[in-house]
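One file, work.cif, is given below (mmCIF, C-alpha atoms).
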```
data_run
loop_
_atom_site.label_atom_id
_atom_site.label_comp_id
_atom_site.auth_asym_id
_atom_site.auth_seq_id
_atom_site.Cartn_x
_atom_site.Cartn_y
_atom_site.Cartn_z
CA MET A 20 -33.98 -35.80 -8.45
CA HIS A 21 -32.14 -32.51 -8.02
CA SER A 22 -28.47 -32.32 -8.91
CA ASP A 23 -26.00 -31.17 -6.27
CA PRO A 24 -25.34 -27.42 -6.30
CA LYS A 25 -22.23 -26.35 -8.13
CA PRO A 26 -19.34 -26.09 -5.67
CA ALA A 27 -18.02 -22.66 -4.80
CA PRO A 28 -15.11 -21.59 -7.04
CA THR A 29 -11.83 -21.88 -5.18
CA VAL A 30 -9.40 -18.97 -5.28
CA LEU A 31 -5.88 -18.95 -3.83
CA ILE A 32 -4.67 -15.47 -2.87
CA SER A 33 -0.99 -14.90 -2.14
CA GLY A 34 -0.35 -12.11 0.38
CA THR A 35 -1.97 -10.84 3.60
CA SER A 36 -1.14 -7.15 3.47
CA ILE A 37 -4.19 -5.14 2.34
CA ALA A 38 -5.25 -6.28 -1.13
CA GLY A 39 -5.30 -10.00 -0.27
CA PRO A 40 -7.62 -9.94 2.77
CA ALA A 41 -9.82 -7.28 1.14
CA LEU A 42 -10.30 -9.51 -1.90
CA ALA A 43 -10.95 -12.52 0.34
CA LEU A 44 -13.69 -10.60 2.16
CA TRP A 45 -15.50 -9.74 -1.06
CA LEU A 46 -15.06 -13.17 -2.63
CA HIS A 47 -16.54 -14.85 0.42
CA ARG A 48 -19.55 -12.55 0.30
CA TYR A 49 -20.02 -13.40 -3.36
CA GLY A 50 -20.02 -17.13 -2.65
CA PHE A 51 -16.45 -18.05 -3.58
CA ALA A 52 -14.10 -20.12 -1.41
CA PRO A 53 -10.93 -18.06 -0.91
CA THR A 54 -7.69 -19.28 0.66
CA VAL A 55 -4.95 -16.80 1.60
CA VAL A 56 -1.31 -17.89 1.84
CA GLU A 57 1.37 -15.78 3.53
CA ARG A 58 5.12 -16.35 3.68
CA ALA A 59 5.44 -14.74 7.13
CA PRO A 60 4.66 -16.89 10.18
CA GLU A 61 1.98 -14.46 11.35
CA LEU A 62 0.13 -11.34 10.29
CA ARG A 63 2.51 -8.46 9.56
CA THR A 64 1.29 -5.46 11.54
CA GLY A 65 4.15 -3.02 10.94
CA GLY A 66 4.38 -0.29 8.33
CA TYR A 67 3.76 3.39 7.90
CA LYS A 68 0.60 5.44 8.06
CA VAL A 69 -1.56 5.21 4.96
CA ASP A 70 -4.14 7.55 3.49
CA LEU A 71 -7.70 6.52 2.71
CA ARG A 72 -9.39 8.97 0.39
CA GLY A 73 -12.12 9.23 -2.17
CA THR A 74 -13.11 5.90 -3.64
CA ALA A 75 -11.21 3.92 -0.99
CA ILE A 76 -13.35 5.47 1.75
CA GLU A 77 -16.51 4.35 -0.05
CA VAL A 78 -15.09 0.85 -0.47
CA CYS A 79 -14.37 0.71 3.27
CA ARG A 80 -17.94 1.78 3.96
CA ARG A 81 -19.29 -1.00 1.74
CA MET A 82 -16.98 -3.48 3.41
CA GLY A 83 -18.43 -2.49 6.77
CA VAL A 84 -15.07 -1.48 8.27
CA LEU A 85 -15.20 2.31 8.02
CA ASP A 86 -16.21 2.85 11.65
CA GLU A 87 -13.29 0.70 12.81
CA VAL A 88 -10.92 2.56 10.51
CA ARG A 89 -12.02 5.91 11.89
CA ALA A 90 -11.80 4.65 15.46
CA ARG A 91 -8.13 3.88 14.82
CA SER A 92 -7.35 7.08 12.94
CA THR A 93 -3.87 8.55 13.34
CA ASP A 94 -5.51 11.90 14.16
CA MET A 95 -2.43 13.80 13.04
CA ARG A 96 -2.51 17.50 13.95
CA GLY A 97 0.21 18.80 11.65
CA GLY A 98 3.92 18.85 10.99
CA SER A 99 7.04 20.95 11.14
CA TYR A 100 10.45 21.26 9.53
CA VAL A 101 13.54 21.63 11.70
CA ASP A 102 17.15 22.60 11.02
CA ASP A 103 20.35 20.79 12.06
CA ALA A 104 20.04 22.17 15.59
CA GLY A 105 16.43 21.00 15.89
CA ARG A 106 15.02 24.53 15.71
CA THR A 107 11.59 24.79 14.08
CA ILE A 108 11.73 26.46 10.67
CA GLY A 109 8.03 26.32 9.91
CA GLU A 110 4.81 24.49 10.75
CA LEU A 111 1.80 23.47 8.72
CA PRO A 112 -1.57 22.07 9.84
CA ALA A 113 -2.58 18.54 8.91
CA GLU A 114 -5.04 19.61 6.21
CA ILE A 115 -2.22 21.19 4.21
CA PHE A 116 0.39 18.56 5.02
CA GLY A 117 -1.93 15.71 4.10
CA GLY A 118 -4.09 17.33 1.45
CA ARG A 119 -7.20 15.78 2.97
CA VAL A 120 -10.82 16.82 2.74
CA GLU A 121 -13.67 16.07 5.09
CA GLY A 122 -14.40 12.34 5.05
CA ASP A 123 -10.84 11.24 4.28
CA ASP A 124 -8.89 9.36 6.90
CA GLU A 125 -5.46 8.01 7.78
CA ILE A 126 -4.57 4.81 9.60
CA MET A 127 -1.46 2.78 10.31
CA ARG A 128 -1.03 0.10 7.66
CA GLY A 129 -0.74 -2.60 10.30
CA GLU A 130 -3.98 -1.55 11.95
CA LEU A 131 -5.84 -1.76 8.65
CA ALA A 132 -4.32 -5.19 7.97
CA ARG A 133 -5.49 -6.33 11.41
CA ILE A 134 -9.03 -5.04 10.82
CA LEU A 135 -9.29 -6.91 7.50
CA HIS A 136 -7.84 -10.10 8.95
CA ASP A 137 -10.19 -9.99 11.94
CA ARG A 138 -13.15 -9.54 9.58
CA THR A 139 -12.20 -12.56 7.45
CA ARG A 140 -10.40 -15.10 9.63
CA GLU A 141 -13.60 -16.95 10.63
CA ASP A 142 -14.76 -17.34 7.01
CA VAL A 143 -11.50 -17.55 5.06
CA GLU A 144 -8.75 -20.15 5.19
CA TYR A 145 -5.37 -18.60 6.06
CA LEU A 146 -2.10 -20.45 5.52
CA PHE A 147 0.77 -18.72 7.31
CA ASP A 148 4.46 -19.62 7.09
CA ASP A 149 4.06 -20.94 3.54
CA SER A 150 4.22 -19.68 -0.03
CA ILE A 151 3.65 -20.66 -3.64
CA ALA A 152 6.59 -22.60 -5.08
CA ALA A 153 5.17 -23.76 -8.43
CA LEU A 154 2.03 -23.41 -10.55
CA ALA A 155 0.79 -25.84 -13.21
CA GLU A 156 -2.32 -24.75 -15.09
CA ASP A 157 -4.61 -26.95 -17.20
CA SER A 158 -8.05 -26.54 -18.72
CA ASP A 159 -9.83 -27.24 -15.42
CA GLY A 160 -7.77 -25.34 -12.87
CA ILE A 161 -4.33 -24.83 -11.35
CA THR A 162 -2.22 -27.26 -9.37
CA VAL A 163 -0.31 -25.34 -6.73
CA THR A 164 2.79 -26.69 -5.08
CA PHE A 165 3.59 -24.89 -1.84
CA ALA A 166 7.02 -24.37 -0.32
CA SER A 167 5.93 -26.70 2.49
CA GLY A 168 5.51 -29.50 -0.05
CA THR A 169 1.70 -29.46 0.05
CA VAL A 170 -0.01 -29.78 -3.34
CA ARG A 171 -3.56 -28.49 -3.89
CA ARG A 172 -5.93 -27.57 -6.70
CA PHE A 173 -7.63 -24.22 -7.19
CA ASP A 174 -9.82 -22.68 -9.86
CA LEU A 175 -7.94 -19.35 -9.83
CA VAL A 176 -4.81 -17.83 -8.31
CA VAL A 177 -4.39 -14.17 -7.35
CA GLY A 178 -0.98 -12.65 -6.71
CA ALA A 179 -1.40 -9.91 -4.10
CA ASP A 180 2.16 -10.35 -2.88
CA GLY A 181 3.60 -6.89 -3.40
CA LEU A 182 6.41 -5.24 -5.28
CA HIS A 183 8.57 -8.38 -5.13
CA SER A 184 5.73 -10.71 -6.11
CA THR A 185 6.64 -14.39 -6.34
CA THR A 186 3.42 -15.04 -8.24
CA ARG A 187 4.39 -12.50 -10.88
CA ARG A 188 7.85 -14.01 -11.23
CA LEU A 189 6.51 -17.56 -11.62
CA VAL A 190 3.89 -16.65 -14.22
CA PHE A 191 5.19 -13.58 -16.05
CA GLY A 192 8.97 -13.65 -15.66
CA PRO A 193 11.80 -11.95 -13.75
CA GLU A 194 11.01 -8.94 -11.60
CA GLU A 195 13.41 -6.62 -13.43
CA ARG A 196 11.25 -6.82 -16.55
CA PHE A 197 8.40 -5.03 -14.79
CA THR A 198 9.87 -2.70 -12.16
CA ARG A 199 11.16 0.82 -12.79
CA HIS A 200 13.33 2.48 -10.17
CA LEU A 201 12.31 6.09 -9.46
CA GLY A 202 15.66 7.13 -8.07
CA ALA A 203 15.22 6.80 -4.32
CA TYR A 204 15.11 4.37 -1.41
CA VAL A 205 12.92 4.43 1.69
CA SER A 206 13.31 2.93 5.13
CA LEU A 207 10.87 2.75 8.04
CA PHE A 208 11.18 1.45 11.58
CA THR A 209 9.79 1.98 15.08
CA ALA A 210 11.86 3.55 17.87
CA PRO A 211 11.33 5.33 21.21
CA ASN A 212 9.52 8.65 20.93
CA HIS A 213 12.45 10.66 22.29
CA LEU A 214 11.19 13.86 20.64
CA GLY A 215 7.95 13.64 22.64
CA LEU A 216 5.75 13.96 19.54
CA ASP A 217 1.98 13.85 19.92
CA ARG A 218 0.14 13.29 16.62
CA TRP A 219 2.84 15.32 14.97
CA GLU A 220 5.36 14.91 12.15
CA THR A 221 8.85 16.41 12.29
CA TYR A 222 10.85 16.67 9.05
CA HIS A 223 14.52 17.35 8.45
CA ALA A 224 15.67 17.89 4.87
CA LEU A 225 19.20 17.30 3.58
CA PRO A 226 20.47 17.40 0.00
CA GLY A 227 19.13 14.25 -1.59
CA LYS A 228 17.65 13.03 1.70
CA LEU A 229 14.62 13.42 3.92
CA VAL A 230 14.09 12.33 7.53
CA CYS A 231 10.65 12.20 9.11
CA VAL A 232 9.78 11.23 12.70
CA TYR A 233 6.14 11.00 13.72
CA SER A 234 3.89 9.61 16.40
CA SER A 235 0.16 9.09 15.83
CA ALA A 236 -2.82 8.81 18.15
CA GLY A 237 -2.47 6.12 20.78
CA GLU A 238 1.19 5.46 19.99
CA THR A 239 3.81 5.55 22.72
CA GLU A 240 6.65 5.07 20.23
CA ALA A 241 7.57 6.89 17.04
CA LYS A 242 7.85 5.87 13.43
CA ASN A 243 10.99 6.91 11.62
CA LEU A 244 10.95 7.38 7.86
CA LEU A 245 14.22 7.95 6.02
CA VAL A 246 14.44 8.56 2.28
CA PHE A 247 17.55 9.03 0.17
CA SER A 248 18.11 9.52 -3.54
CA SER A 249 20.04 7.02 -5.63
CA PRO A 250 19.71 7.40 -9.40
CA GLU A 251 21.03 3.87 -9.86
CA GLU A 252 19.56 0.81 -8.21
CA ILE A 253 21.59 -0.62 -5.35
CA PRO A 254 21.97 -4.40 -5.60
CA HIS A 255 20.67 -5.99 -2.41
CA ASP A 256 18.61 -8.90 -1.14
CA HIS A 257 15.18 -7.58 -0.18
CA ARG A 258 14.94 -10.22 2.55
CA ASP A 259 18.36 -9.51 4.12
CA SER A 260 17.56 -6.86 6.75
CA ALA A 261 21.11 -6.81 8.15
CA ALA A 262 22.52 -5.82 4.76
CA GLN A 263 19.73 -3.26 4.31
CA LYS A 264 20.57 -1.67 7.67
CA ARG A 265 24.17 -1.30 6.55
CA LEU A 266 23.06 0.39 3.32
CA LEU A 267 20.93 2.85 5.29
CA ALA A 268 23.78 3.62 7.69
CA GLU A 269 26.14 4.26 4.78
CA ALA A 270 23.65 6.56 3.05
CA PHE A 271 23.20 8.76 6.16
CA ALA A 272 26.73 8.51 7.60
CA GLY A 273 27.93 11.85 8.95
CA ASP A 274 24.53 13.57 8.89
CA GLY A 275 23.40 15.66 11.84
CA TRP A 276 20.26 16.44 13.81
CA GLU A 277 18.83 13.19 15.28
CA VAL A 278 20.15 11.01 12.46
CA PRO A 279 22.92 9.21 14.41
CA ARG A 280 20.47 8.26 17.17
CA LEU A 281 17.91 7.10 14.60
CA LEU A 282 20.49 4.92 12.88
CA GLY A 283 21.27 3.36 16.24
CA HIS A 284 17.60 2.51 16.69
CA ALA A 285 17.43 1.17 13.13
CA ALA A 286 20.19 -1.32 13.91
CA ASP A 287 18.04 -2.84 16.68
CA ALA A 288 14.61 -2.47 15.08
CA THR A 289 12.56 -5.66 14.70
CA ASP A 290 10.13 -4.09 12.22
CA PHE A 291 12.79 -2.62 9.93
CA PHE A 292 11.68 -1.99 6.35
CA PHE A 293 13.88 -0.96 3.44
CA ASP A 294 13.14 -0.91 -0.28
CA SER A 295 13.45 1.01 -3.49
CA ILE A 296 10.80 3.50 -4.53
CA SER A 297 9.74 1.81 -7.74
CA LEU A 298 6.83 1.40 -10.10
CA VAL A 299 5.50 -1.87 -11.49
CA GLU A 300 4.52 -1.46 -15.13
CA MET A 301 3.00 -4.37 -17.03
CA ASP A 302 1.24 -4.73 -20.38
CA ARG A 303 -1.29 -7.04 -18.78
CA TRP A 304 -2.12 -8.17 -15.25
CA SER A 305 -3.47 -11.64 -15.98
CA LYS A 306 -2.42 -14.80 -17.75
CA GLY A 307 -4.67 -17.81 -17.95
CA ARG A 308 -6.15 -18.47 -14.52
CA VAL A 309 -3.70 -16.17 -12.71
CA VAL A 310 -4.27 -12.47 -12.05
CA LEU A 311 -2.25 -9.87 -10.15
CA LEU A 312 -3.66 -7.36 -7.68
CA GLY A 313 -2.35 -4.29 -5.86
CA ASP A 314 1.38 -3.60 -5.86
CA ALA A 315 2.10 -6.93 -7.56
CA ALA A 316 0.26 -5.67 -10.64
CA HIS A 317 0.82 -1.92 -10.61
CA CYS A 318 2.84 -0.63 -7.65
CA ALA A 319 2.58 3.15 -7.61
CA SER A 320 5.25 3.34 -4.87
CA PRO A 321 4.99 5.09 -1.47
CA ALA A 322 5.54 8.37 -3.32
CA SER A 323 2.00 8.22 -4.69
CA GLY A 324 0.33 8.00 -1.29
CA GLN A 325 -2.35 5.94 -3.03
CA GLY A 326 -1.08 2.36 -2.83
CA THR A 327 -3.55 1.33 -0.14
CA GLY A 328 -6.45 3.01 -1.90
CA LEU A 329 -5.57 1.27 -5.16
CA ALA A 330 -5.35 -2.06 -3.34
CA LEU A 331 -8.77 -1.68 -1.73
CA THR A 332 -10.43 -0.41 -4.89
CA GLY A 333 -8.77 -3.06 -7.04
CA ALA A 334 -9.96 -5.83 -4.70
CA TYR A 335 -13.50 -4.48 -4.85
CA VAL A 336 -13.52 -4.28 -8.65
CA LEU A 337 -11.86 -7.66 -9.21
CA ALA A 338 -14.23 -9.49 -6.87
CA GLY A 339 -17.24 -7.81 -8.45
CA GLU A 340 -16.16 -8.74 -11.96
CA LEU A 341 -15.47 -12.35 -10.94
CA ALA A 342 -18.94 -12.53 -9.42
CA ARG A 343 -20.55 -10.97 -12.46
CA HIS A 344 -18.67 -13.28 -14.86
CA ARG A 345 -18.61 -16.28 -12.56
CA ASP A 346 -17.99 -18.84 -15.30
CA ASP A 347 -15.74 -16.68 -17.45
CA HIS A 348 -12.61 -15.61 -15.58
CA ALA A 349 -10.96 -14.32 -18.76
CA THR A 350 -13.71 -11.73 -19.25
CA ALA A 351 -13.67 -10.88 -15.54
CA PHE A 352 -9.91 -10.29 -15.59
CA ALA A 353 -10.15 -8.18 -18.74
CA ARG A 354 -12.95 -6.02 -17.31
CA TYR A 355 -11.07 -5.56 -14.03
CA GLU A 356 -7.99 -4.34 -15.84
CA GLN A 357 -9.96 -2.14 -18.22
CA ARG A 358 -11.63 -0.36 -15.32
CA LEU A 359 -8.53 0.06 -13.16
CA ARG A 360 -5.71 0.83 -15.57
CA PRO A 361 -6.47 4.53 -16.37
CA GLY A 362 -6.63 5.43 -12.67
CA VAL A 363 -3.53 3.41 -11.88
CA GLU A 364 -1.54 5.21 -14.56
CA GLN A 365 -2.73 8.59 -13.27
CA ASN A 366 -1.48 7.72 -9.78
CA GLN A 367 1.82 6.43 -11.10
CA ARG A 368 2.43 9.70 -12.94
CA MET A 369 1.74 11.57 -9.72
CA ALA A 370 4.31 9.39 -7.93
CA GLU A 371 6.96 10.18 -10.53
CA ALA A 372 6.48 13.89 -9.94
CA PHE A 373 6.30 13.68 -6.17
CA VAL A 374 9.36 11.49 -5.56
CA LYS A 375 11.54 14.32 -6.86
CA GLU A 376 9.98 16.65 -4.30
CA MET A 377 10.77 14.24 -1.46
CA THR A 378 14.53 14.49 -1.89
CA LEU A 379 15.54 17.97 -3.03
CA ASP A 380 19.07 17.76 -4.38
CA THR A 381 20.61 21.11 -3.42
CA THR A 382 20.80 23.29 -0.32
CA TRP A 383 19.28 26.26 -2.13
CA LYS A 384 16.22 24.23 -3.15
CA ILE A 385 15.83 23.16 0.46
CA ALA A 386 16.20 26.79 1.60
CA LEU A 387 13.49 27.85 -0.85
CA ARG A 388 11.20 25.06 0.40
CA MET A 389 11.76 26.11 4.01
CA PHE A 390 11.00 29.74 3.13
CA MET A 391 7.71 28.65 1.56
CA VAL A 392 6.81 26.50 4.57
CA ARG A 393 7.57 29.39 6.90
CA MET A 394 5.62 31.96 4.91
CA LEU A 395 2.62 29.93 3.73
CA PRO A 396 0.57 30.20 6.96
CA LYS A 397 1.01 33.98 6.87
CA THR A 398 -0.07 34.52 3.26
CA PRO A 399 -3.62 35.61 2.33
CA TRP A 400 -3.68 33.02 -0.47
CA LYS A 401 -2.82 30.04 1.74
CA GLY A 402 -6.37 28.77 1.30
CA LEU A 403 -6.03 28.73 -2.48
CA ILE A 404 -2.73 26.84 -2.28
CA ALA A 405 -4.18 24.31 0.13
CA LYS A 406 -7.20 23.87 -2.14
CA LYS A 407 -4.97 23.25 -5.17
CA ILE A 408 -3.03 20.58 -3.27
CA ARG A 409 -6.23 18.92 -2.11
CA ASN A 410 -7.82 19.02 -5.57
CA ASP A 411 -4.82 17.34 -7.20
CA ILE A 412 -4.68 14.59 -4.59
CA GLN A 413 -8.44 14.06 -4.60
CA ALA A 414 -8.50 13.74 -8.38
CA ALA A 415 -6.04 10.86 -8.13
CA ALA A 416 -7.96 9.31 -5.22
CA ARG A 417 -11.16 9.27 -7.29
CA ALA A 418 -9.56 8.27 -10.57
CA ILE A 419 -11.17 4.82 -10.47
CA PRO A 420 -14.95 5.18 -10.33
CA ILE A 421 -17.07 2.42 -8.83
CA ASP A 422 -20.72 1.65 -9.41
CA ASP A 423 -23.55 3.04 -7.32
CA HIS A 424 -25.01 -0.39 -6.60
CA GLU A 425 -24.66 -1.81 -3.12
CA ALA A 426 -22.30 -4.76 -2.82
CA PRO A 427 -23.46 -7.63 -0.56
CA THR A 428 -23.01 -7.02 3.15
CA ASP A 429 -23.89 -10.49 4.39
CA THR A 430 -21.22 -13.10 5.09
CA GLY A 431 -22.80 -15.89 3.12
CA THR A 432 -23.39 -16.65 -0.52
CA ALA A 433 -24.75 -13.62 -2.32
CA PRO A 434 -26.49 -13.33 -5.67
CA ARG A 435 -24.43 -12.19 -8.60
CA PRO A 436 -24.07 -8.42 -8.41
CA THR A 437 -24.49 -5.74 -10.96
CA VAL A 438 -21.00 -4.30 -10.81
CA GLY A 439 -19.47 -1.74 -13.10
CA ALA A 440 -20.68 0.11 -16.10
#
```

Final structure tokens representation of the file:
Amino acid sequence: MHSDPKPAPTVLISGTSIAGPALALWLHRYGFAPTVVERAPELRTGGYKVDLRGTAIEVCRRMGVLDEVRARSTDMRGGSYVDDAGRTIGELPAEIFGGRVEGDDEIMRGELARILHDRTREDVEYLFDDSIAALAEDSDGITVTFASGTVRRFDLVVGADGLHSTTRRLVFGPEERFTRHLGAYVSLFTAPNHLGLDRWETYHALPGKLVCVYSSAGETEAKNLLVFSSPEEIPHDHRDSAAQKRLLAEAFAGDGWEVPRLLGHAADATDFFFDSISLVEMDRWSKGRVVLLGDAAHCASPASGQGTGLALTGAYVLAGELARHRDDHATAFARYEQRLRPGVEQNQRMAEAFVKEMTLDTTWKIALRMFMVRMLPKTPWKGLIAKKIRNDIQAAARAIPIDDHEAPTDTGTAPRPTVGA
């Protein structure tokens, strides 16, 4: 008589942004039974445009979503800086603005989230409008109590729930122990495209502030990105959008160009986002049967431009290590962290340097920047400067190497892979 096959390991993943669904896709292919829980009542499809470079592009190819990603590319053509009167100071093509090389791509965060959800919703259990309220671990698994009152058992729990991770708080302690403010705040929201932009970014720099309005391919509206410096953290509830809108209005009160109109749109925006530009720095990303992924573990902040790439790569590596060490989650978690941490730290250092460039603090620094933007296209060494920018960004985008072995592409149980060195 043959014994029943061992049941698929159950994994609860908190968060449906990018890291969570990406991990769920890989775990399902490796024969696990993932469940994804999300506090929001439905998939969140807002957000800014995100870069996919280097290793993240290869991960998308192995996931089987690269063609969809490229079909929904932002197709940005370039960008310009304008003065208070809206006059163009200088323009740069997309390859310099974005620091991309052939094969890289850019997509709206919400579009990527939709692609990943569509690829997994038939095979993965999704629980919307709920969240983890309590975790109780024992030698055989974890009892999870949800905010809805439901109680279930899982073999493992993954916190992919962002900068303000509830999973991290429940398991590791208060958020303030692990976040480091980088001295700025960022807001994003959608509004009418009153500048008539077509795959174009328009920037307006002010001392300690930066305003960017852009519209990507296929968009009839515009995204508005506002950044302002604040050396000290501003106490606020990250779920209170009305209070956040007031903070943004106070920070940009009295500023010119299109700012007053943008603030008016912000007040009515339904997809309004506001948060600090912060890093998450932890000595370890796992404890017992719980592991953190993406921004919950190692947020590199929007200033890095690599958060999405780190999320996709981290999901790929974590799933592969769990499959390789199927009966030893402690080893899998340790290997995952060992492989990711050097690249994460490299990207976080890049974010620290770049956030200072986002919000120049004096008018003369802004004037110097505008002079450089205006002159760069006319200089004979513009190619060398563009190459230096691309090389620095690409080094960070490839800082986490992945193996050359093919991951499973089927949607059923796959044999244990050979993943990693």

Show me, as a CSV table (one decimal) with C-alpha atoms, keeping the file's coordinate frame, the residues that have an atom within 8 Å of A:Glu300 when counting all atoms listed in the file, minus same-chain residues fewer than 3 positions from it.
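Final output, out.csv:
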```
chain,number,residue,atom,x,y,z
A,197,PHE,CA,8.4,-5.0,-14.8
A,198,THR,CA,9.9,-2.7,-12.2
A,199,ARG,CA,11.2,0.8,-12.8
A,316,ALA,CA,0.3,-5.7,-10.6
A,317,HIS,CA,0.8,-1.9,-10.6
A,318,CYS,CA,2.8,-0.6,-7.6
```

- Message: Would you pick out the contacts of stretch 362-376 of chain A at 9 Å or less, using all atoms listed in the file, so that residues sharing its chain but fewer than 2 positions from it are not included, and give the list as number ranges by chain?
- Response: A: 201-203, 248, 296, 298, 317-326, 329, 358-360, 378-380, 412, 415-420

- Name the residues captured by the PyMOL selection byres ((chain A and resi 312-315) around 7) when it is applied to the shown file; answer as a list in words. Ala38, Val177, Gly178, Ala179, Asp180, Gly181, Leu182, Ser184, Arg187, Val310, Leu311, Ala316, His317, Cys318, Leu329, Ala330 and Gly333 of chain A

- Between A:Trp383, A:Trp45, A:Phe390, A:Tyr100, single out the one closest to A:Leu135, counting all atoms listed in the file.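 When distances to A:Leu135 are compared using all atoms listed in the file, the smallest one comes from A:Trp45.
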
- Message: Between A:Glu269, A:Leu214, A:Thr29, A:Val299, which residue has the minimum interatomic distance to A:Arg171, considering only C-alpha atoms?
- Response: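 Going through A:Glu269, A:Leu214, A:Thr29, A:Val299 one by one, the smallest distance to A:Arg171 is for A:Thr29.
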
- Mind pulling up the distance from atom CA of A:Leu111 to atom CA of A:Cys79? 28.4 Å

Show me a table, sorted first by chain and then by increasing residue number, of the residues of stretch 293-329 of chain A having an atom at most 9 Å from stretch 348-355 of chain A, each with its shortest atom pair and the distance in Å to one decimal, counting all atoms listed in the file and written as JSON lines.
```
{"residue": "A:Arg303", "atom": "CA", "partner": "A:Ala353", "partner_atom": "CA", "distance": 8.9}
{"residue": "A:Trp304", "atom": "CA", "partner": "A:Phe352", "partner_atom": "CA", "distance": 8.1}
{"residue": "A:Ser305", "atom": "CA", "partner": "A:Phe352", "partner_atom": "CA", "distance": 6.6}
{"residue": "A:Lys306", "atom": "CA", "partner": "A:Ala349", "partner_atom": "CA", "distance": 8.6}
{"residue": "A:Gly307", "atom": "CA", "partner": "A:Ala349", "partner_atom": "CA", "distance": 7.2}
{"residue": "A:Arg308", "atom": "CA", "partner": "A:His348", "partner_atom": "CA", "distance": 7.1}
{"residue": "A:Val310", "atom": "CA", "partner": "A:Phe352", "partner_atom": "CA", "distance": 7.0}
```

Output C-alpha atoms for every residue in that selection, as a CSV table (one decimal), in the coordinates of the input.
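File produced: selection_32.csv:
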```csv
chain,number,residue,atom,x,y,z
A,303,ARG,CA,-1.3,-7.0,-18.8
A,304,TRP,CA,-2.1,-8.2,-15.2
A,305,SER,CA,-3.5,-11.6,-16.0
A,306,LYS,CA,-2.4,-14.8,-17.8
A,307,GLY,CA,-4.7,-17.8,-18.0
A,308,ARG,CA,-6.2,-18.5,-14.5
A,310,VAL,CA,-4.3,-12.5,-12.0
```

- Taking the file above as input, evaluate the PyMOL selection byres ((chain A and resi 215) around 10) and report the hits as a count of residues only. 13

N, CA and C atoms modelled onto stretch 129-141 of chain A, as an mmCIF file, in the coordinates of the input:
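Output file out38.cif follows:
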```cif
data_model
loop_
_atom_site.group_PDB
_atom_site.id
_atom_site.type_symbol
_atom_site.label_atom_id
_atom_site.label_comp_id
_atom_site.auth_asym_id
_atom_site.auth_seq_id
_atom_site.Cartn_x
_atom_site.Cartn_y
_atom_site.Cartn_z
ATOM 1 N N GLY A 129 -0.550 -1.395 9.509
ATOM 2 C CA GLY A 129 -0.740 -2.600 10.300
ATOM 3 C C GLY A 129 -2.100 -2.692 10.940
ATOM 4 N N GLU A 130 -2.644 -1.556 11.362
ATOM 5 C CA GLU A 130 -3.980 -1.550 11.950
ATOM 6 C C GLU A 130 -5.036 -1.925 10.917
ATOM 7 N N LEU A 131 -4.891 -1.413 9.703
ATOM 8 C CA LEU A 131 -5.840 -1.760 8.650
ATOM 9 C C LEU A 131 -5.731 -3.243 8.305
ATOM 10 N N ALA A 132 -4.504 -3.763 8.236
ATOM 11 C CA ALA A 132 -4.320 -5.190 7.970
ATOM 12 C C ALA A 132 -4.992 -6.027 9.053
ATOM 13 N N ARG A 133 -4.873 -5.598 10.305
ATOM 14 C CA ARG A 133 -5.490 -6.330 11.410
ATOM 15 C C ARG A 133 -7.022 -6.317 11.309
ATOM 16 N N ILE A 134 -7.577 -5.144 10.963
ATOM 17 C CA ILE A 134 -9.030 -5.040 10.820
ATOM 18 C C ILE A 134 -9.531 -6.022 9.752
ATOM 19 N N LEU A 135 -8.854 -6.040 8.593
ATOM 20 C CA LEU A 135 -9.290 -6.910 7.500
ATOM 21 C C LEU A 135 -9.117 -8.383 7.861
ATOM 22 N N HIS A 136 -8.048 -8.708 8.545
ATOM 23 C CA HIS A 136 -7.840 -10.100 8.950
ATOM 24 C C HIS A 136 -8.889 -10.525 9.970
ATOM 25 N N ASP A 137 -9.176 -9.660 10.933
ATOM 26 C CA ASP A 137 -10.190 -9.990 11.940
ATOM 27 C C ASP A 137 -11.557 -10.196 11.302
ATOM 28 N N ARG A 138 -11.853 -9.426 10.248
ATOM 29 C CA ARG A 138 -13.150 -9.540 9.580
ATOM 30 C C ARG A 138 -13.266 -10.821 8.738
ATOM 31 N N THR A 139 -12.157 -11.427 8.392
ATOM 32 C CA THR A 139 -12.200 -12.560 7.450
ATOM 33 C C THR A 139 -11.735 -13.883 8.041
ATOM 34 N N ARG A 140 -11.060 -13.884 9.172
ATOM 35 C CA ARG A 140 -10.400 -15.100 9.630
ATOM 36 C C ARG A 140 -11.367 -16.230 9.975
ATOM 37 N N GLU A 141 -12.628 -15.903 10.322
ATOM 38 C CA GLU A 141 -13.600 -16.950 10.630
ATOM 39 C C GLU A 141 -14.182 -17.576 9.364
#
```
